[in-house]
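Asker: Data: my_file_9.txt, compact mmCIF, C-alpha atoms and all ligand atoms.
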# COMPACT_ATOMS: atom_id res chain seq x y z
CA MET A 1 20.72 -18.63 12.63
CA GLN A 2 17.73 -20.86 12.02
CA ILE A 3 16.59 -20.96 8.42
CA LYS A 4 13.71 -23.40 8.02
CA LYS A 5 12.88 -25.18 4.78
CA ASN A 6 9.50 -25.92 3.24
CA VAL A 7 7.50 -24.27 6.02
CA SER A 8 3.71 -23.82 6.14
CA ILE A 9 2.67 -20.23 6.93
CA LYS A 10 -0.96 -21.04 7.78
CA ASN A 11 -0.55 -19.47 11.21
CA LEU A 12 1.23 -16.39 9.85
CA ASN A 13 -1.51 -14.98 7.63
CA THR A 14 -4.97 -13.97 8.85
CA PHE A 15 -6.76 -15.71 5.96
CA CYS A 16 -5.07 -18.84 7.42
CA VAL A 17 -4.22 -20.06 3.94
CA ASP A 18 -2.05 -23.16 4.09
CA VAL A 19 0.78 -22.37 1.65
CA LYS A 20 4.45 -23.17 2.00
CA THR A 21 7.59 -21.13 1.59
CA LYS A 22 10.84 -22.66 0.32
CA TYR A 23 12.86 -20.89 3.04
CA PHE A 24 11.62 -19.14 6.17
CA VAL A 25 13.38 -17.05 8.77
CA GLN A 26 12.16 -14.86 11.60
CA VAL A 27 14.37 -11.80 12.04
CA GLU A 28 14.59 -10.14 15.44
CA THR A 29 17.47 -7.74 14.72
CA VAL A 30 18.73 -5.65 11.83
CA GLU A 31 22.09 -7.43 12.09
CA LYS A 32 20.42 -10.79 11.55
CA LEU A 33 18.45 -9.35 8.65
CA LYS A 34 21.64 -8.20 6.91
CA LYS A 35 23.33 -11.56 7.48
CA VAL A 36 20.41 -13.59 6.09
CA LEU A 37 20.19 -11.38 3.03
CA ARG A 38 23.93 -11.77 2.39
CA ASN A 39 23.65 -15.56 2.63
CA TYR A 40 20.55 -15.82 0.43
CA LYS A 41 21.44 -13.27 -2.26
CA ASP A 42 19.97 -15.25 -5.14
CA GLU A 43 16.63 -16.02 -3.56
CA LYS A 44 13.44 -14.15 -4.29
CA ILE A 45 12.45 -12.29 -1.09
CA PHE A 46 9.05 -11.82 0.55
CA ILE A 47 8.72 -9.40 3.48
CA LEU A 48 6.07 -10.60 5.91
CA GLY A 49 4.62 -8.56 8.75
CA GLY A 50 1.47 -9.87 10.44
CA GLY A 51 0.06 -11.28 7.19
CA SER A 52 -3.19 -9.38 7.84
CA ASN A 53 -3.44 -7.79 4.43
CA THR A 54 -1.99 -10.51 2.24
CA LEU A 55 -3.72 -13.32 0.38
CA PHE A 56 -1.35 -16.12 -0.60
CA VAL A 57 -2.61 -18.06 -3.60
CA ASN A 58 0.49 -20.17 -4.29
CA ASP A 59 3.52 -21.45 -2.40
CA TRP A 60 6.41 -18.97 -2.14
CA ASP A 61 9.40 -20.19 -4.10
CA GLY A 62 12.02 -18.17 -2.25
CA LEU A 63 12.93 -16.75 1.14
CA MET A 64 10.24 -15.36 3.40
CA LEU A 65 11.45 -12.90 6.04
CA LYS A 66 9.12 -12.57 9.01
CA ILE A 67 9.94 -9.17 10.46
CA ASP A 68 9.96 -9.47 14.23
CA ILE A 69 12.24 -6.56 15.21
CA LYS A 70 10.77 -5.29 18.46
CA GLY A 71 11.35 -2.24 20.67
CA LYS A 72 10.22 1.35 21.03
CA LYS A 73 11.49 4.45 22.80
CA VAL A 74 10.97 8.17 23.06
CA LYS A 75 13.66 10.00 21.12
CA LYS A 76 15.47 12.88 22.79
CA LYS A 77 14.25 15.26 20.13
CA GLU A 78 11.13 16.81 21.61
CA ASP A 79 9.42 20.13 21.20
CA GLU A 80 6.77 21.88 23.22
CA ASN A 81 3.81 20.16 21.62
CA TYR A 82 5.13 16.93 20.18
CA VAL A 83 7.00 13.83 21.22
CA TYR A 84 9.07 11.80 18.76
CA VAL A 85 8.75 8.05 19.26
CA GLU A 86 10.99 5.52 17.56
CA CYS A 87 9.32 2.15 17.00
CA ASN A 88 10.83 -0.92 15.38
CA SER A 89 8.86 -2.35 12.48
CA GLY A 90 8.09 -5.76 14.01
CA GLU A 91 6.12 -4.30 16.92
CA LEU A 92 2.44 -5.14 16.77
CA TRP A 93 0.54 -2.05 15.72
CA ASP A 94 -2.24 -2.60 18.26
CA ASP A 95 0.29 -2.92 21.12
CA PHE A 96 1.90 0.29 19.96
CA VAL A 97 -1.45 2.13 19.95
CA HIS A 98 -2.17 0.98 23.52
CA TRP A 99 1.32 2.05 24.62
CA THR A 100 0.84 5.57 23.19
CA VAL A 101 -2.51 5.95 24.95
CA GLU A 102 -1.04 4.70 28.25
CA ASN A 103 1.61 7.43 27.89
CA ASN A 104 -0.96 10.04 26.89
CA TYR A 105 0.53 10.61 23.42
CA ALA A 106 -2.21 11.49 20.94
CA GLY A 107 -2.62 10.84 17.21
CA ILE A 108 -3.21 7.13 16.64
CA GLU A 109 -5.84 6.17 19.25
CA ASN A 110 -8.62 5.86 16.64
CA MET A 111 -6.53 3.24 14.80
CA VAL A 112 -6.73 0.70 17.64
CA MET A 113 -7.52 -2.97 16.85
CA ILE A 114 -5.93 -2.95 13.41
CA PRO A 115 -4.03 -6.23 13.19
CA GLY A 116 -0.48 -6.49 11.86
CA THR A 117 2.88 -4.86 12.44
CA VAL A 118 4.13 -1.28 12.46
CA GLY A 119 6.05 -1.96 9.21
CA GLY A 120 2.95 -3.38 7.54
CA ALA A 121 0.88 -0.41 8.74
CA VAL A 122 3.24 2.02 6.99
CA ALA A 123 3.43 -0.06 3.79
CA GLN A 124 -0.38 -0.23 3.63
CA ASN A 125 -0.90 3.40 4.71
CA ILE A 126 -3.55 2.44 7.25
CA ALA A 127 -6.40 4.64 8.40
CA ALA A 128 -9.48 4.28 10.58
CA TYR A 129 -12.12 6.43 12.24
CA GLY A 130 -10.82 9.67 10.74
CA GLN A 131 -7.13 9.15 11.56
CA ASN A 132 -4.42 8.28 9.06
CA ILE A 133 -0.94 6.97 9.75
CA THR A 134 0.59 9.53 7.38
CA ASP A 135 -0.53 12.33 9.71
CA VAL A 136 1.90 11.11 12.39
CA LEU A 137 4.83 9.79 10.32
CA PHE A 138 8.08 11.71 10.76
CA GLU A 139 10.72 9.38 9.28
CA ILE A 140 10.93 5.82 7.99
CA VAL A 141 14.18 3.88 8.20
CA VAL A 142 14.60 1.23 5.51
CA TRP A 143 17.15 -1.34 4.46
CA ASN A 144 17.72 -1.42 0.70
CA ILE A 145 18.23 -5.09 -0.18
CA LYS A 146 19.96 -4.37 -3.48
CA ASN A 147 22.65 -1.86 -2.52
CA GLU A 148 22.84 -3.08 1.10
CA LYS A 149 22.47 0.43 2.49
CA GLU A 150 20.26 2.01 5.10
CA ARG A 151 18.15 4.96 4.03
CA ILE A 152 16.07 7.41 6.05
CA LEU A 153 12.96 8.45 4.21
CA LYS A 154 10.58 11.32 4.77
CA PRO A 155 6.88 10.55 4.21
CA GLU A 156 6.86 12.78 1.13
CA ASN A 157 9.38 10.41 -0.52
CA CYS A 158 7.05 7.40 -0.24
CA ASN A 159 4.19 8.30 -2.56
CA PHE A 160 1.50 7.67 0.04
CA ALA A 161 -2.00 7.53 -1.39
CA TYR A 162 -5.24 5.89 -0.33
CA ARG A 163 -4.17 2.44 1.07
CA SER A 164 -1.07 2.63 -1.05
CA SER A 165 2.61 3.57 -1.00
CA ASN A 166 5.82 2.81 -2.88
CA PHE A 167 6.28 -0.11 -0.45
CA LYS A 168 3.32 -1.82 -2.15
CA HIS A 169 4.59 -1.11 -5.65
CA GLU A 170 8.09 -0.26 -6.94
CA TRP A 171 9.78 -0.86 -3.56
CA LYS A 172 7.84 -4.08 -2.89
CA ASN A 173 10.17 -6.73 -1.44
CA LYS A 174 13.12 -4.38 -2.14
CA TYR A 175 13.03 -1.91 0.77
CA ILE A 176 12.55 -3.37 4.23
CA ILE A 177 11.12 -0.96 6.79
CA THR A 178 13.15 -1.52 9.96
CA LYS A 179 12.14 1.45 12.11
CA VAL A 180 9.55 4.22 12.08
CA ILE A 181 9.71 7.58 13.84
CA PHE A 182 6.32 8.95 14.81
CA LYS A 183 5.51 12.53 15.75
CA LEU A 184 2.73 12.39 18.34
CA LYS A 185 0.93 15.12 20.22
CA LYS A 186 1.68 15.53 23.92
CA GLU A 187 -1.79 16.83 24.67
CA SER A 188 -5.02 15.10 23.78
CA GLY A 189 -7.02 18.34 23.44
CA ASP A 190 -7.80 17.85 19.78
CA LEU A 191 -9.61 14.52 19.56
CA GLU A 192 -10.86 13.23 16.20
CA LEU A 193 -14.53 12.46 16.78
CA SER A 194 -16.09 13.33 13.44
CA TYR A 195 -16.42 9.77 12.15
CA HIS A 196 -19.93 8.52 11.54
CA GLU A 197 -21.27 5.67 9.51
CA ARG A 198 -24.50 5.45 7.58
CA ALA A 199 -27.20 6.90 9.82
CA GLY A 200 -29.26 4.51 11.89
CA ARG A 201 -26.82 1.59 11.96
CA TYR A 202 -24.19 1.75 14.69
CA GLY A 203 -24.22 5.48 15.31
CA SER A 204 -21.27 7.85 15.37
CA LEU A 205 -18.12 7.68 17.44
CA LEU A 206 -19.42 10.61 19.48
CA GLU A 207 -22.69 8.80 20.20
CA GLU A 208 -20.69 5.74 21.30
CA LEU A 209 -18.62 7.94 23.65
CA GLN A 210 -21.73 9.48 25.14
CA THR A 211 -22.96 6.02 26.21
CA PHE A 212 -20.20 5.64 28.82
CA ALA A 213 -18.11 8.83 29.18
CA LYS A 214 -18.48 12.51 29.94
CA GLU A 215 -16.70 15.51 28.45
CA PRO A 216 -13.83 16.28 28.34
CA TYR A 217 -13.15 12.89 26.75
CA SER A 218 -9.76 11.29 27.30
CA LEU A 219 -7.64 9.26 24.90
CA LYS A 220 -8.65 6.15 26.86
CA ASP A 221 -12.33 6.99 26.30
CA VAL A 222 -11.79 7.31 22.56
CA LEU A 223 -9.85 4.05 22.49
CA ARG A 224 -12.71 2.28 24.21
CA ALA A 225 -15.35 3.86 21.95
CA VAL A 226 -13.50 2.75 18.82
CA LYS A 227 -13.07 -0.77 20.23
CA ASN A 228 -16.81 -0.97 21.00
CA GLN A 229 -17.67 0.16 17.49
CA ARG A 230 -15.20 -2.17 15.80
CA GLU A 231 -16.50 -5.17 17.76
CA LYS A 232 -20.00 -4.43 16.44
CA ARG A 233 -18.95 -3.68 12.88
CA LEU A 234 -16.08 -6.00 11.98
CA PRO A 235 -15.31 -9.72 11.99
CA SER A 236 -12.62 -10.96 14.37
CA VAL A 237 -9.52 -12.82 13.24
CA ASP A 238 -10.06 -15.19 16.20
CA MET A 239 -13.37 -16.37 14.76
CA CYS A 240 -12.64 -16.58 11.03
CA GLY A 241 -10.06 -16.12 8.31
CA THR A 242 -10.13 -12.53 7.05
CA CYS A 243 -8.03 -9.55 5.99
CA GLY A 244 -10.71 -7.02 6.94
CA SER A 245 -11.86 -4.93 3.94
CA PHE A 246 -11.04 -6.87 0.82
CA PHE A 247 -11.60 -3.99 -1.60
CA GLN A 248 -10.83 -0.29 -1.53
CA ASN A 249 -13.66 2.21 -1.52
CA PRO A 250 -13.91 3.32 -5.15
CA VAL A 251 -13.33 6.87 -6.29
CA VAL A 252 -15.91 7.95 -8.88
CA SER A 253 -16.70 11.14 -10.75
CA LEU A 254 -19.52 13.33 -9.46
CA LYS A 255 -21.45 12.49 -12.62
CA LYS A 256 -21.13 8.77 -11.88
CA PHE A 257 -22.09 9.35 -8.24
CA LYS A 258 -25.32 11.08 -9.30
CA GLU A 259 -26.08 8.17 -11.62
CA LEU A 260 -25.52 5.70 -8.74
CA GLN A 261 -27.74 7.76 -6.44
CA ARG A 262 -30.61 7.15 -8.81
CA LYS A 263 -30.25 3.44 -7.97
CA ILE A 264 -29.26 3.86 -4.28
CA PRO A 265 -30.80 7.18 -3.14
CA ASP A 266 -29.08 7.34 0.28
CA LEU A 267 -25.63 6.34 -1.00
CA GLN A 268 -22.97 8.22 0.99
CA SER A 269 -19.97 9.99 -0.48
CA TYR A 270 -16.73 11.28 1.04
CA PRO A 271 -14.24 13.87 -0.21
CA VAL A 272 -11.11 12.48 -1.82
CA GLU A 273 -7.71 13.71 -0.76
CA GLY A 274 -4.14 13.18 -1.79
CA LEU A 275 -4.84 11.32 -4.99
CA ASN A 276 -3.13 11.77 -8.32
CA TYR A 277 -5.31 13.21 -11.01
CA GLU A 278 -5.04 13.18 -14.76
CA LYS A 279 -4.19 16.51 -16.33
CA GLY A 280 -7.16 18.84 -16.28
CA GLU A 281 -9.09 16.89 -13.64
CA LYS A 282 -10.04 18.58 -10.38
CA GLN A 283 -10.22 16.93 -6.98
CA GLU A 284 -13.71 18.38 -6.36
CA GLU A 285 -14.99 16.49 -9.39
CA PHE A 286 -14.52 13.13 -7.63
CA VAL A 287 -15.89 11.46 -4.52
CA LYS A 288 -15.16 8.26 -2.63
CA ILE A 289 -18.09 5.89 -2.13
CA PRO A 290 -18.45 2.94 0.26
CA ALA A 291 -17.82 -0.31 -1.65
CA GLY A 292 -19.50 -2.22 1.20
CA ARG A 293 -22.76 -0.43 0.46
CA LEU A 294 -22.74 -1.48 -3.20
CA LEU A 295 -22.06 -5.09 -2.16
CA ASP A 296 -24.72 -4.89 0.53
CA GLU A 297 -27.31 -3.72 -2.01
CA LEU A 298 -26.44 -6.74 -4.17
CA GLY A 299 -27.08 -9.16 -1.29
CA TRP A 300 -23.48 -10.23 -0.68
CA LYS A 301 -23.54 -9.72 3.08
CA GLY A 302 -23.68 -13.07 4.88
CA SER A 303 -23.56 -15.13 1.68
CA TRP A 304 -21.25 -18.17 1.41
CA ASP A 305 -19.90 -20.46 -1.27
CA GLY A 306 -18.07 -23.44 0.22
CA ASN A 307 -15.33 -22.29 2.59
CA VAL A 308 -15.54 -18.59 1.65
CA GLY A 309 -18.16 -16.00 2.46
CA VAL A 310 -18.92 -12.39 3.31
CA SER A 311 -19.16 -11.27 6.93
CA GLU A 312 -22.65 -10.88 8.43
CA LYS A 313 -21.37 -7.64 9.96
CA HIS A 314 -19.81 -5.92 6.96
CA ALA A 315 -20.27 -6.58 3.24
CA LEU A 316 -16.71 -5.48 2.46
CA CYS A 317 -15.13 -8.13 4.70
CA VAL A 318 -14.50 -11.45 2.99
CA VAL A 319 -14.28 -14.27 5.55
CA THR A 320 -13.39 -17.98 5.54
CA ASN A 321 -13.77 -20.94 7.87
CA LYS A 322 -9.93 -21.05 7.98
CA LYS A 323 -9.99 -24.03 5.59
CA ALA A 324 -10.21 -22.12 2.31
CA LYS A 325 -7.38 -22.11 -0.20
CA GLY A 326 -6.12 -18.83 -1.61
CA LYS A 327 -7.57 -19.69 -5.00
CA ASP A 328 -11.06 -20.21 -3.46
CA VAL A 329 -10.92 -16.70 -1.99
CA LEU A 330 -9.72 -15.30 -5.30
CA LYS A 331 -12.51 -17.01 -7.25
CA PHE A 332 -15.15 -15.78 -4.80
CA THR A 333 -13.90 -12.19 -4.79
CA ARG A 334 -13.75 -12.14 -8.59
CA LYS A 335 -17.48 -12.94 -8.60
CA MET A 336 -18.07 -10.06 -6.18
CA LYS A 337 -16.15 -7.71 -8.48
CA LYS A 338 -18.04 -8.91 -11.54
CA SER A 339 -21.45 -8.37 -9.93
CA VAL A 340 -20.58 -4.78 -8.91
CA LYS A 341 -19.23 -4.05 -12.38
CA GLU A 342 -22.32 -5.48 -14.09
CA SER A 343 -24.87 -3.81 -11.80
CA TYR A 344 -23.23 -0.43 -11.21
CA GLY A 345 -20.43 -0.08 -13.76
CA VAL A 346 -17.92 0.38 -10.92
CA GLU A 347 -14.56 -1.43 -10.95
CA LEU A 348 -13.58 -2.61 -7.48
CA VAL A 349 -9.85 -2.67 -6.70
CA GLU A 350 -8.38 -5.04 -4.11
CA GLU A 351 -6.97 -3.49 -0.93
CA VAL A 352 -5.48 -6.87 0.00
CA ASN A 353 -2.10 -7.82 -1.55
CA ILE A 354 -2.58 -10.91 -3.71
CA VAL A 355 0.51 -13.10 -3.92
CA LEU A 356 0.20 -15.36 -6.98
C1 LIG A 401 -10.09 -7.67 11.06
C2 LIG A 401 -9.24 -6.70 10.29
C3 LIG A 401 -9.49 -5.34 10.38
C4 LIG A 401 -8.70 -4.42 9.68
N1 LIG A 401 -8.97 -3.08 9.80
C5 LIG A 401 -8.24 -2.19 9.12
C6 LIG A 401 -8.52 -0.78 9.25
O1 LIG A 401 -9.39 -0.37 10.00
N2 LIG A 401 -7.76 0.08 8.52
C7 LIG A 401 -6.76 -0.34 7.70
O2 LIG A 401 -6.13 0.52 7.06
N3 LIG A 401 -6.47 -1.66 7.57
C8 LIG A 401 -7.17 -2.59 8.26
N4 LIG A 401 -6.90 -3.93 8.13
C9 LIG A 401 -5.84 -4.38 7.21
C10 LIG A 401 -4.47 -4.72 7.85
O3 LIG A 401 -4.60 -5.06 9.19
C11 LIG A 401 -3.47 -3.58 7.71
O4 LIG A 401 -3.26 -3.26 6.36
C12 LIG A 401 -2.13 -3.90 8.38
O5 LIG A 401 -1.42 -2.72 8.58
C13 LIG A 401 -1.24 -4.88 7.61
O6 LIG A 401 -0.07 -5.12 8.38
P1 LIG A 401 0.68 -6.51 8.33
O7 LIG A 401 1.92 -6.38 9.13
O8 LIG A 401 -0.22 -7.62 8.70
O9 LIG A 401 1.04 -6.57 6.77
P2 LIG A 401 1.29 -7.83 5.85
O10 LIG A 401 -0.01 -8.38 5.36
O11 LIG A 401 2.25 -8.76 6.46
O12 LIG A 401 2.02 -7.07 4.63
C14 LIG A 401 1.31 -6.13 3.85
C15 LIG A 401 2.28 -5.57 2.79
O13 LIG A 401 3.29 -4.82 3.44
C16 LIG A 401 4.61 -5.36 3.18
N5 LIG A 401 5.37 -5.25 4.42
C17 LIG A 401 5.05 -5.75 5.65
N6 LIG A 401 6.01 -5.43 6.55
C18 LIG A 401 6.95 -4.72 5.87
C19 LIG A 401 8.20 -4.12 6.24
N7 LIG A 401 8.69 -4.19 7.48
N8 LIG A 401 8.90 -3.47 5.27
C20 LIG A 401 8.44 -3.38 4.00
N9 LIG A 401 7.27 -3.94 3.59
C21 LIG A 401 6.54 -4.60 4.51
C22 LIG A 401 4.35 -6.80 2.76
O14 LIG A 401 5.39 -7.31 1.93
C23 LIG A 401 3.02 -6.68 2.02
O15 LIG A 401 3.23 -6.22 0.69
C24 LIG A 401 -7.65 -4.87 8.85
C25 LIG A 401 -7.39 -6.26 8.76
C26 LIG A 401 -8.17 -7.16 9.49
C27 LIG A 401 -7.84 -8.63 9.41
In structure tokens, what does this structure look like?
Ligand SMILES: Cc1cc2nc3c(=O)[nH]c(=O)nc-3n(C[C@H](O)[C@H](O)[C@H](O)COP(=O)(O)OP(=O)(O)OC[C@H]3O[C@@H](n4cnc5c(N)ncnc54)[C@H](O)[C@@H]3O)c2cc1C

Answerer:
Amino acid sequence: MQIKKNVSIKNLNTFCVDVKTKYFVQVETVEKLKKVLRNYKDEKIFILGGGSNTLFVNDWDGLMLKIDIKGKKVKKKEDENYVYVECNSGELWDDFVHWTVENNYAGIENMVMIPGTVGGAVAQNIAAYGQNITDVLFEIVVWNIKNEKERILKPENCNFAYRSSNFKHEWKNKYIITKVIFKLKKESGDLELSYHERAGRYGSLLEELQTFAKEPYSLKDVLRAVKNQREKRLPSVDMCGTCGSFFQNPVVSLKKFKELQRKIPDLQSYPVEGLNYEKGEKQEEFVKIPAGRLLDELGWKGSWDGNVGVSEKHALCVVTNKKAKGKDVLKFTRKMKKSVKESYGVELVEEVNIVL
């Protein structure tokens, strides 16, 4: 078993931050995972997937486990309408999406081109273009580092909320997702095409589809339409350091939304779902607003300070020239937060995991 010491992880995080970890090991099997954990019991653990939603500010003074457990298969358990697919957590999410479309299994095609691993996708509770990973999760198999036992979780055990789950909070670096069982549709009759961005910019998903395909649209058509849209709208990890959206879209009260609309008349809002409310508060009294729009209004899009900037394509995407340190990104994003707070009284919350 190869445990490396004092390793740079610059190529293992999409911000390309050059930090070091005291110990590093890539795990390809659950057996190896168990063995490493037994041998390094006293070390502080970090679970790394594709590093596409993590900003490292300091070196990691412990053991970093790069989860690289690959493999996927259709489980025997099938019913008339659904297929159950078992996928190991180190598979690349984007490869998995392509594989499902090739096999004509529906449910995750709109989430193509999201970097990272299957394990990371569950931990982050990813979503895109109207689809959400929680809609297709059946079971999650985890390894509990402390009691050295496997556990099979149902999605309802994991406290999934907007870009959040127990894996990001109380189970962080304690439960390792090793395998995920997805419940996907066998027929693609029910495509999710309702997504549209602010009018007049890049158009809706449906409009994109209409440029190259005819009804009835196939899963492959939707995949291509989403790819086309994402290429126009988002920075690429090949061209710059980035974790995609740096902040979550804030949830505000309807009263606050009306106040903001006085400053930005065409500000969009979206219904909020699955959030925890204080006693007496009603879901209908809140809306989600696009953080990128607030930042755009304040002139952040395309602005730079040293090695860190904001994408020309999307004001919510913080980018670097791959030379920035974690602390440069942190300093820059704190300024972004401060300007939104001062101008609109809205507190932005990071979507990216910050490792101090
Ligand atoms: C260009 C770009 C576009 C993006 N677009 C989207 C988008 O459209 N929608 C969206 O939701 N996100 C998007 N993201 C964010 C990111 O890709 C996702 O959150 C992704 O799922 C993170 O996966 P990862 O494996 O890279 O996670 P990492 O960054 O490696 O880890 C994230 C967190 O999960 C934990 N973790 C990772 N693997 C495991 C495991 N096996 N078991 C337990 N915990 C684990 C880590 O410890 C960490 O806390 C985008 C990012 C980029 C760079």

Asker: Counting only C-alpha atoms and all ligand atoms, which residues of chain A sit at most 7 Å from some atom of ligand LIG 401 (chain A), and what is each one's closest atom pair with its distance in Å to one decimal, listed by chain and rising residue number, as a tab-separated table?

Answerer:
residue	atom	partner	partner_atom	distance
A:Thr14	CA	A:LIG401	C27	6.1
A:Phe46	CA	A:LIG401	O14	6.0
A:Ile47	CA	A:LIG401	O14	4.2
A:Leu48	CA	A:LIG401	O11	4.3
A:Gly49	CA	A:LIG401	O11	3.3
A:Gly50	CA	A:LIG401	O8	3.3
A:Gly51	CA	A:LIG401	O11	3.4
A:Ser52	CA	A:LIG401	O8	3.6
A:Asn53	CA	A:LIG401	O10	3.6
A:Thr54	CA	A:LIG401	O10	4.3
A:Ile67	CA	A:LIG401	N7	5.9
A:Ser89	CA	A:LIG401	N7	5.3
A:Gly90	CA	A:LIG401	N7	6.7
A:Met111	CA	A:LIG401	O1	6.7
A:Ile114	CA	A:LIG401	N1	4.7
A:Pro115	CA	A:LIG401	O3	4.2
A:Gly116	CA	A:LIG401	O8	3.4
A:Thr117	CA	A:LIG401	O7	3.8
A:Val118	CA	A:LIG401	O7	6.5
A:Gly119	CA	A:LIG401	N7	3.9
A:Gly120	CA	A:LIG401	O7	3.5
A:Ala121	CA	A:LIG401	O5	3.3
A:Val122	CA	A:LIG401	O5	6.8
A:Ala123	CA	A:LIG401	O13	4.8
A:Gln124	CA	A:LIG401	O4	5.0
A:Asn125	CA	A:LIG401	O2	6.4
A:Ile126	CA	A:LIG401	O2	3.2
A:Ala127	CA	A:LIG401	O2	4.3
A:Ala128	CA	A:LIG401	O1	4.7
A:Arg163	CA	A:LIG401	O2	6.6
A:Phe167	CA	A:LIG401	N9	5.7
A:Lys168	CA	A:LIG401	O15	5.2
A:Lys172	CA	A:LIG401	O15	6.2
A:Asn173	CA	A:LIG401	O14	5.9
A:Tyr175	CA	A:LIG401	C20	5.8
A:Ile176	CA	A:LIG401	N8	3.8
A:Ile177	CA	A:LIG401	N8	3.7
A:Thr178	CA	A:LIG401	N7	5.8
A:Leu234	CA	A:LIG401	C1	6.3
A:Pro235	CA	A:LIG401	C1	5.7
A:Ser236	CA	A:LIG401	C1	5.3
A:Val237	CA	A:LIG401	C1	5.6
A:Thr242	CA	A:LIG401	C27	5.1
A:Cys243	CA	A:LIG401	C27	3.5
A:Gly244	CA	A:LIG401	C26	3.6
A:Ser245	CA	A:LIG401	C24	6.5
A:Asn353	CA	A:LIG401	O15	6.0

Asker: Between atom CA of Lys10 of chain A and atom CA of Glu31 of chain A, what is the spacing in Å?

Answerer: 27.1 Å

Asker: Would you pick out the contacts of Leu294 of chain A at 10 Å or less, using only C-alpha atoms, so that residues sharing its chain but fewer than 3 positions from it are not included, and give the list as a PyMOL selection string?

Answerer: chain A and resi 249+260+264+267+289-291+297-300+315-316+339-340+343-344+346

Asker: Separation of atom CA of Ile45 of chain A and atom CA of Lys174 of chain A, in Å?

Answerer: 8.0 Å

Asker: Find the distance between atom CA of Lys256 of chain A and atom CA of Tyr129 of chain A and write it in Å to one decimal.

Answerer: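 One can read the atom CA of Lys256 of chain A to atom CA of Tyr129 of chain A distance as 25.9 Å.
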
Asker: Counting all atoms listed in the file, find residues at most 12 Å from (-13.4, 7.0, 26.9) (file frame) and give them as an NGL selection string.

Answerer: :A and (101 or 109-110 or 191 or 193 or 205-228)

Asker: With 6 Å on each side, where is the centre of the axis-aligned box around all listed atoms of segment 344-353 of chain A, and how long are its edges in Å to one decimal, as JSON?

Answerer:
{"center_x": -12.7, "center_y": -3.7, "center_z": -6.9, "size_x": 33.1, "size_y": 20.2, "size_z": 25.8}

Asker: Leaving out Ala324 of chain A and any residue of its chain fewer than 4 positions from it, which residues lie within 8 Å of it when counting all atoms listed in the file, given as a list in words?

Answerer: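 My reading of the contact set: Cys16, Val17, Asn307, Val308, Thr320, Asp328 and Val329 of chain A.
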
Asker: Using all atoms listed in the file, can you tell me which of A:Lys149, A:Lys232, A:Lys288, A:Lys179 comes closest to Gln268 of chain A?

Answerer: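 Among the listed residues, the smallest separation from Gln268 of chain A belongs to A:Lys288.
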
Asker: List as an mmCIF file with C-alpha atoms, in the coordinates of the input the protein and nucleic acid residues near segment 285-287 of chain A, meaning an atom at most 6 Å away when all atoms listed in the file are counted, but skip any in the same chain fewer than 3 places from it.

Answerer:
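Written output follows (around_19.cif):
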data_model
loop_
_atom_site.group_PDB
_atom_site.id
_atom_site.type_symbol
_atom_site.label_atom_id
_atom_site.label_comp_id
_atom_site.auth_asym_id
_atom_site.auth_seq_id
_atom_site.Cartn_x
_atom_site.Cartn_y
_atom_site.Cartn_z
ATOM 1 C CA VAL A 251 -13.330 6.870 -6.290
ATOM 2 C CA VAL A 252 -15.910 7.950 -8.880
ATOM 3 C CA SER A 253 -16.700 11.140 -10.750
ATOM 4 C CA LEU A 254 -19.520 13.330 -9.460
ATOM 5 C CA SER A 269 -19.970 9.990 -0.480
ATOM 6 C CA TYR A 270 -16.730 11.280 1.040
ATOM 7 C CA PRO A 271 -14.240 13.870 -0.210
ATOM 8 C CA VAL A 272 -11.110 12.480 -1.820
ATOM 9 C CA LYS A 282 -10.040 18.580 -10.380
#

Asker: I'd like the contact shell of segment 70-77 of chain A - 7 Å cut-off, all atoms listed in the file, skipping same-chain residues fewer than 4 positions apart - returned as a PyMOL selection string.

Answerer: chain A and resi 28+84-91

Asker: Nearest to Glu351 of chain A among A:Asp238, A:Thr134, A:Thr333, A:Ile108, with distances taken over all atoms listed in the file: which residue is it?

Answerer: A:Thr333

Asker: Between A:Ala106, A:Leu55, A:Leu184, A:Val136, which residue has the minimum interatomic distance to Val318 of chain A, considering only C-alpha atoms?

Answerer: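 So, comparing all the options, the nearest one is A:Leu55.
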
Asker: Since the input is missing atoms, can you rebuild N, CA and C atoms for segment 141-146 of chain A and write them as a compact mmCIF listing (two decimals), in the frame of the given file?

Answerer:
# COMPACT_ATOMS: atom_id res chain seq x y z
N VAL A 141 12.83 4.41 8.45
CA VAL A 141 14.18 3.88 8.20
C VAL A 141 14.04 2.56 7.46
N VAL A 142 14.74 2.45 6.32
CA VAL A 142 14.60 1.23 5.51
C VAL A 142 15.97 0.63 5.21
N TRP A 143 15.96 -0.66 4.92
CA TRP A 143 17.15 -1.34 4.46
C TRP A 143 16.93 -1.68 2.99
N ASN A 144 17.83 -1.17 2.14
CA ASN A 144 17.72 -1.42 0.70
C ASN A 144 18.43 -2.74 0.40
N ILE A 145 17.67 -3.74 0.00
CA ILE A 145 18.23 -5.09 -0.18
C ILE A 145 19.30 -5.09 -1.28
N LYS A 146 19.07 -4.33 -2.33
CA LYS A 146 19.96 -4.37 -3.48
C LYS A 146 21.33 -3.75 -3.20
